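Q: Below is the file start_13.pdb, which contains PDB, C-alpha atoms.
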ATOM      1  CA  MET S1150      95.690  36.755 123.981
ATOM      2  CA  SER S1151      96.156  35.066 120.616
ATOM      3  CA  ASP S1152      98.439  36.425 117.920
ATOM      4  CA  SER S1153      95.440  37.192 115.670
ATOM      5  CA  SER S1154      93.798  39.382 118.314
ATOM      6  CA  ARG S1155      97.016  41.337 118.856
ATOM      7  CA  HIS S1156      97.502  41.755 115.097
ATOM      8  CA  PRO S1157      94.129  41.752 113.342
ATOM      9  CA  ASP S1158      94.145  41.614 109.549
ATOM     10  CA  ARG S1159      93.729  45.115 108.155
ATOM     11  CA  THR S1160      94.055  46.782 104.780
ATOM     12  CA  LEU S1161      94.934  50.363 104.002
ATOM     13  CA  ILE S1162      94.401  51.536 100.434
ATOM     14  CA  PHE S1163      95.889  54.829  99.315
ATOM     15  CA  VAL S1164      94.572  56.640  96.272
ATOM     16  CA  ARG S1165      96.190  59.743  94.897
ATOM     17  CA  HIS S1166      93.555  62.197  93.772
ATOM     18  CA  ALA S1167      92.692  62.120  90.098
ATOM     19  CA  HIS S1168      93.680  64.812  87.596
ATOM     20  CA  ARG S1169      92.509  68.198  88.777
ATOM     21  CA  ASP S1170      90.906  71.000  86.814
ATOM     22  CA  LEU S1171      93.487  73.678  86.105
ATOM     23  CA  THR S1172      91.342  75.940  83.905
ATOM     24  CA  ALA S1173      91.079  78.443  86.773
ATOM     25  CA  GLY S1174      94.760  78.087  87.639
ATOM     26  CA  HIS S1175      96.405  76.358  90.578
ATOM     27  CA  GLU S1176      93.889  77.550  93.142
ATOM     28  CA  LEU S1177      94.026  75.640  96.389
ATOM     29  CA  ASP S1178      90.683  73.839  96.254
ATOM     30  CA  ASN S1179      89.810  73.111  92.644
ATOM     31  CA  GLY S1180      87.956  69.948  91.694
ATOM     32  CA  LEU S1181      88.569  67.359  89.004
ATOM     33  CA  SER S1182      89.034  67.886  85.294
ATOM     34  CA  GLU S1183      87.084  65.890  82.726
ATOM     35  CA  GLU S1184      89.978  63.410  82.630
ATOM     36  CA  GLY S1185      89.955  63.313  86.437
ATOM     37  CA  HIS S1186      86.283  62.324  86.474
ATOM     38  CA  LYS S1187      87.094  59.487  84.051
ATOM     39  CA  GLN S1188      89.927  58.394  86.345
ATOM     40  CA  ALA S1189      87.526  58.432  89.332
ATOM     41  CA  ILE S1190      85.175  56.066  87.465
ATOM     42  CA  ARG S1191      88.102  53.733  86.726
ATOM     43  CA  ILE S1192      89.097  53.862  90.409
ATOM     44  CA  ARG S1193      85.537  52.861  91.340
ATOM     45  CA  LYS S1194      85.654  49.914  88.935
ATOM     46  CA  ARG S1195      89.036  48.819  90.287
ATOM     47  CA  ALA S1196      87.857  49.075  93.880
ATOM     48  CA  MET S1197      84.649  47.170  93.249
ATOM     49  CA  LYS S1198      86.617  44.365  91.610
ATOM     50  CA  ARG S1199      89.262  44.228  94.368
ATOM     51  CA  LEU S1200      86.672  44.450  97.144
ATOM     52  CA  GLU S1201      84.073  42.070  95.681
ATOM     53  CA  ARG S1202      85.019  39.325  98.120
ATOM     54  CA  ALA S1203      85.584  41.641 101.048
ATOM     55  CA  THR S1204      83.235  41.126 103.949
ATOM     56  CA  ALA S1205      85.170  43.447 106.223
ATOM     57  CA  SER S1206      84.049  46.798 107.463
ATOM     58  CA  LEU S1207      85.102  49.597 105.176
ATOM     59  CA  ARG S1208      85.646  53.332 105.588
ATOM     60  CA  LEU S1209      86.309  55.974 102.927
ATOM     61  CA  LEU S1210      88.495  58.907 103.934
ATOM     62  CA  SER S1211      89.622  61.963 102.066
ATOM     63  CA  SER S1212      91.626  65.116 102.358
ATOM     64  CA  GLU S1213      89.274  68.061 102.659
ATOM     65  CA  ARG S1214      90.285  69.231  99.177
ATOM     66  CA  ALA S1215      87.578  68.984  96.495
ATOM     67  CA  ARG S1216      89.783  66.990  94.111
ATOM     68  CA  CYS S1217      90.218  64.236  96.710
ATOM     69  CA  ARG S1218      86.552  64.052  97.661
ATOM     70  CA  GLU S1219      85.520  64.028  93.990
ATOM     71  CA  THR S1220      87.966  61.183  93.302
ATOM     72  CA  LEU S1221      86.150  58.964  95.827
ATOM     73  CA  GLU S1222      82.569  60.065  95.050
ATOM     74  CA  PRO S1223      81.806  57.391  92.396
ATOM     75  CA  LEU S1224      83.034  54.682  94.778
ATOM     76  CA  ALA S1225      81.087  56.131  97.704
ATOM     77  CA  GLU S1226      77.916  56.125  95.617
ATOM     78  CA  ALA S1227      78.484  52.525  94.479
ATOM     79  CA  LEU S1228      79.065  51.359  98.062
ATOM     80  CA  ASN S1229      76.447  53.654  99.585
ATOM     81  CA  LEU S1230      79.034  54.933 102.066
ATOM     82  CA  PRO S1231      79.895  58.439 103.214
ATOM     83  CA  ILE S1232      83.270  60.006 102.572
ATOM     84  CA  ASP S1233      84.751  61.200 105.832
ATOM     85  CA  THR S1234      87.336  63.948 105.683
ATOM     86  CA  HIS S1235      90.416  63.375 107.790
ATOM     87  CA  PRO S1236      92.405  66.487 108.753
ATOM     88  CA  GLU S1237      95.749  64.700 108.512
ATOM     89  CA  LEU S1238      95.278  63.755 104.835
ATOM     90  CA  VAL S1239      95.567  67.362 103.632
ATOM     91  CA  GLU S1240      98.676  68.405 101.731
ATOM     92  CA  GLY S1241     101.417  70.625 103.128
ATOM     93  CA  GLU S1242     103.824  70.635 106.037
ATOM     94  CA  PRO S1243     104.404  69.023 108.477
ATOM     95  CA  VAL S1244     103.861  65.941 106.310
ATOM     96  CA  GLU S1245     105.701  63.429 108.520
ATOM     97  CA  ARG S1246     103.651  64.383 111.596
ATOM     98  CA  LYS S1247     100.375  64.277 109.619
ATOM     99  CA  VAL S1248     101.137  60.819 108.233
ATOM    100  CA  ALA S1249     102.158  59.475 111.647
ATOM    101  CA  GLN S1250      98.925  60.743 113.232
ATOM    102  CA  PHE S1251      96.812  59.302 110.404
ATOM    103  CA  LEU S1252      98.471  55.888 110.775
ATOM    104  CA  GLN S1253      97.914  55.962 114.525
ATOM    105  CA  ASP S1254      94.209  56.680 113.917
ATOM    106  CA  PHE S1255      94.033  53.803 111.406
ATOM    107  CA  ARG S1256      95.559  51.329 113.862
ATOM    108  CA  LYS S1257      92.972  52.236 116.518
ATOM    109  CA  ALA S1258      89.931  52.256 114.183
ATOM    110  CA  PRO S1259      87.265  49.556 114.279
ATOM    111  CA  GLU S1260      87.080  49.216 110.476
ATOM    112  CA  SER S1261      89.434  46.695 108.942
ATOM    113  CA  VAL S1262      89.676  48.391 105.529
ATOM    114  CA  TRP S1263      90.331  52.080 104.939
ATOM    115  CA  ILE S1264      90.473  53.687 101.512
ATOM    116  CA  ALA S1265      92.159  57.075 101.836
ATOM    117  CA  CYS S1266      92.604  59.721  99.139
ATOM    118  CA  SER S1267      95.405  62.232  99.542
ATOM    119  CA  HIS S1268      98.086  64.231  97.721
ATOM    120  CA  GLY S1269     101.449  63.904  95.981
ATOM    121  CA  ASP S1270     103.478  65.226  98.922
ATOM    122  CA  TRP S1271     101.687  63.158 101.568
ATOM    123  CA  LEU S1272     101.578  59.735  99.938
ATOM    124  CA  PRO S1273     105.342  59.129  99.422
ATOM    125  CA  GLU S1274     105.907  59.805 103.124
ATOM    126  CA  ALA S1275     103.155  57.331 104.045
ATOM    127  CA  MET S1276     104.682  54.728 101.740
ATOM    128  CA  ARG S1277     108.140  55.358 103.234
ATOM    129  CA  LEU S1278     106.860  54.821 106.766
ATOM    130  CA  LEU S1279     104.865  51.702 105.869
ATOM    131  CA  VAL S1280     106.922  49.865 103.268
ATOM    132  CA  GLY S1281     110.348  51.466 103.579
ATOM    133  CA  ALA S1282     110.399  53.301 100.236
ATOM    134  CA  PRO S1283     109.032  56.753  99.344
ATOM    135  CA  ILE S1284     106.997  55.495  96.380
ATOM    136  CA  GLU S1285     105.538  58.333  94.322
ATOM    137  CA  LEU S1286     101.989  57.686  93.185
ATOM    138  CA  LYS S1287     100.741  59.132  89.913
ATOM    139  CA  LYS S1288      97.371  60.883  89.851
ATOM    140  CA  GLY S1289      94.674  58.255  90.211
ATOM    141  CA  ALA S1290      97.155  55.594  91.403
ATOM    142  CA  TRP S1291      96.251  52.889  93.925
ATOM    143  CA  ALA S1292      98.471  51.350  96.608
ATOM    144  CA  GLU S1293      97.073  48.553  98.757
ATOM    145  CA  ILE S1294      98.911  47.749 101.960
ATOM    146  CA  ARG S1295      98.002  44.723 104.018
ATOM    147  CA  PHE S1296      98.709  44.192 107.690
ATOM    148  CA  ARG S1297      98.537  40.528 108.630
ATOM    149  CA  LYS S1298      99.876  38.822 111.742
ATOM    150  CA  GLY S1299     102.165  41.745 112.496
ATOM    151  CA  VAL S1300     103.607  41.906 108.962
ATOM    152  CA  THR S1301     103.120  44.932 106.700
ATOM    153  CA  ARG S1302     103.177  44.190 102.980
ATOM    154  CA  LEU S1303     102.559  46.163  99.808
ATOM    155  CA  GLU S1304      99.920  43.942  98.244
ATOM    156  CA  CYS S1305      99.118  45.892  95.077
ATOM    157  CA  LEU S1306     100.453  49.001  93.352
ATOM    158  CA  LEU S1307      98.656  50.269  90.261
ATOM    159  CA  GLN S1308      99.952  53.472  88.755
ATOM    160  CA  GLU S1309      97.426  53.668  85.921
ATOM    161  CA  PRO S1310      93.733  53.829  86.793
TER     162      PRO S1310
END
Could you write out this structure as structure tokens?
A:
Amino acid sequence: MSDSSRHPDRTLIFVRHAHRDLTAGHELDNGLSEEGHKQAIRIRKRAMKRLERATASLRLLSSERARCRETLEPLAEALNLPIDTHPELVEGEPVERKVAQFLQDFRKAPESVWIACSHGDWLPEAMRLLVGAPIELKKGAWAEIRFRKGVTRLECLLQEP
């Protein structure tokens, strides 16, 4: 078995959900604010630019929370792809177990690029496990992690959408 078949090139892109609507308070499943919708459009533009040369298979995943799904909706429409919810992307404890299970699912998946939208408690743990530092992502931020020939590398980190 060649090295490339044991370690196929893969990319995992994390997006923190855009700014959420707080007019009704901090309810558990509120959607995006007006600013959040603007951030989601900027995320779509960024993704389309970064993925313009990508010929790989792509999957969009989201926490079940409305603010995460709404963050990816403009991109899903542009790519004509569904947004799949992944139970391990939801916020709350036990974060370390959720992240580990999500990463195991990613490693076994047939798609070579996953774009996953999650929350402020979940993403630093994922970054810690993948790149060795618990990097906090601002709302609407983008972190692109590349797996190539057995090496994991933070390829791109954009804190402002």
Q: Report, in Å with one decimal, the straight-line distance from atom CA of S:Arg1195 to atom CA of S:Gly1180.
A: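 Separation of atom CA of S:Arg1195 and atom CA of S:Gly1180: 21.2 Å.
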Q: Mind checking which residues fall within 12 Å of S:Ala1225, counting only C-alpha atoms, ignoring those fewer than 6 positions away in the same chain, and posting them as a VMD selection string?
A: chain S and resid 1189 to 1190 1192 to 1194 1196 to 1197 1207 to 1211 1218 to 1219 1231 to 1233 1264 to 1265
Q: Save the residues we just selected, C-alpha atoms, as a PDB file, keeping the file's coordinate frame?
A:
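Writing done, so here's part_17.pdb:
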ATOM      1  CA  ALA S1189      87.526  58.432  89.332  1.00  0.00           C
ATOM      2  CA  ILE S1190      85.175  56.066  87.465  1.00  0.00           C
ATOM      3  CA  ILE S1192      89.097  53.862  90.409  1.00  0.00           C
ATOM      4  CA  ARG S1193      85.537  52.861  91.340  1.00  0.00           C
ATOM      5  CA  LYS S1194      85.654  49.914  88.935  1.00  0.00           C
ATOM      6  CA  ALA S1196      87.857  49.075  93.880  1.00  0.00           C
ATOM      7  CA  MET S1197      84.649  47.170  93.249  1.00  0.00           C
ATOM      8  CA  LEU S1207      85.102  49.597 105.176  1.00  0.00           C
ATOM      9  CA  ARG S1208      85.646  53.332 105.588  1.00  0.00           C
ATOM     10  CA  LEU S1209      86.309  55.974 102.927  1.00  0.00           C
ATOM     11  CA  LEU S1210      88.495  58.907 103.934  1.00  0.00           C
ATOM     12  CA  SER S1211      89.622  61.963 102.066  1.00  0.00           C
ATOM     13  CA  ARG S1218      86.552  64.052  97.661  1.00  0.00           C
ATOM     14  CA  GLU S1219      85.520  64.028  93.990  1.00  0.00           C
ATOM     15  CA  PRO S1231      79.895  58.439 103.214  1.00  0.00           C
ATOM     16  CA  ILE S1232      83.270  60.006 102.572  1.00  0.00           C
ATOM     17  CA  ASP S1233      84.751  61.200 105.832  1.00  0.00           C
ATOM     18  CA  ILE S1264      90.473  53.687 101.512  1.00  0.00           C
ATOM     19  CA  ALA S1265      92.159  57.075 101.836  1.00  0.00           C
TER      20      ALA S1265
END
Q: Here's the selection I'm unsure about, the PyMOL selection byres ((chain S and resi 1293) around 7); applied to the file above, which residues does it give, as a list in words?
A: Thr1160, Leu1161, Ile1162, Phe1163, Trp1291, Ala1292, Ile1294, Arg1295, Leu1303, Glu1304, Cys1305 and Leu1306 of chain S
Q: Residues within 12 Å of S:Glu1213, please, as a PyMOL selection string. Count all atoms listed in the file; anything in the same chain fewer than 5 positions from it doesn't count.
A: chain S and resi 1166+1177-1180+1218-1221+1232-1240+1265-1268
Q: For each of S:Arg1214, S:Lys1298, S:Leu1228, S:Gln1188, take the minimum atom-to-atom distance to S:Glu1201, counting all atoms listed in the file, then give the residue where this is smallest.
A: S:Leu1228
Q: Using all atoms listed in the file for the distances, tell me which of S:Pro1273, S:Gly1289, S:Glu1222, S:Ser1206 is nearest to S:Arg1159.
A: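 Using all atoms listed in the file, the shortest distance to S:Arg1159 belongs to S:Ser1206.
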Q: Could you tell me which of S:Glu1226, S:Glu1260, S:Glu1274, S:Asp1254 comes closest to S:Gly1241 if we count only C-alpha atoms?
A: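 Smallest separation from S:Gly1241 among the options: S:Glu1274.
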Q: Using all atoms listed in the file, pick whichever of S:Leu1286, S:Leu1224, S:Leu1279, S:Ala1173 has the shortest atom-to-atom distance to S:His1186.
A: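 Among S:Leu1286, S:Leu1224, S:Leu1279, S:Ala1173, it is S:Leu1224 that comes nearest to S:His1186.
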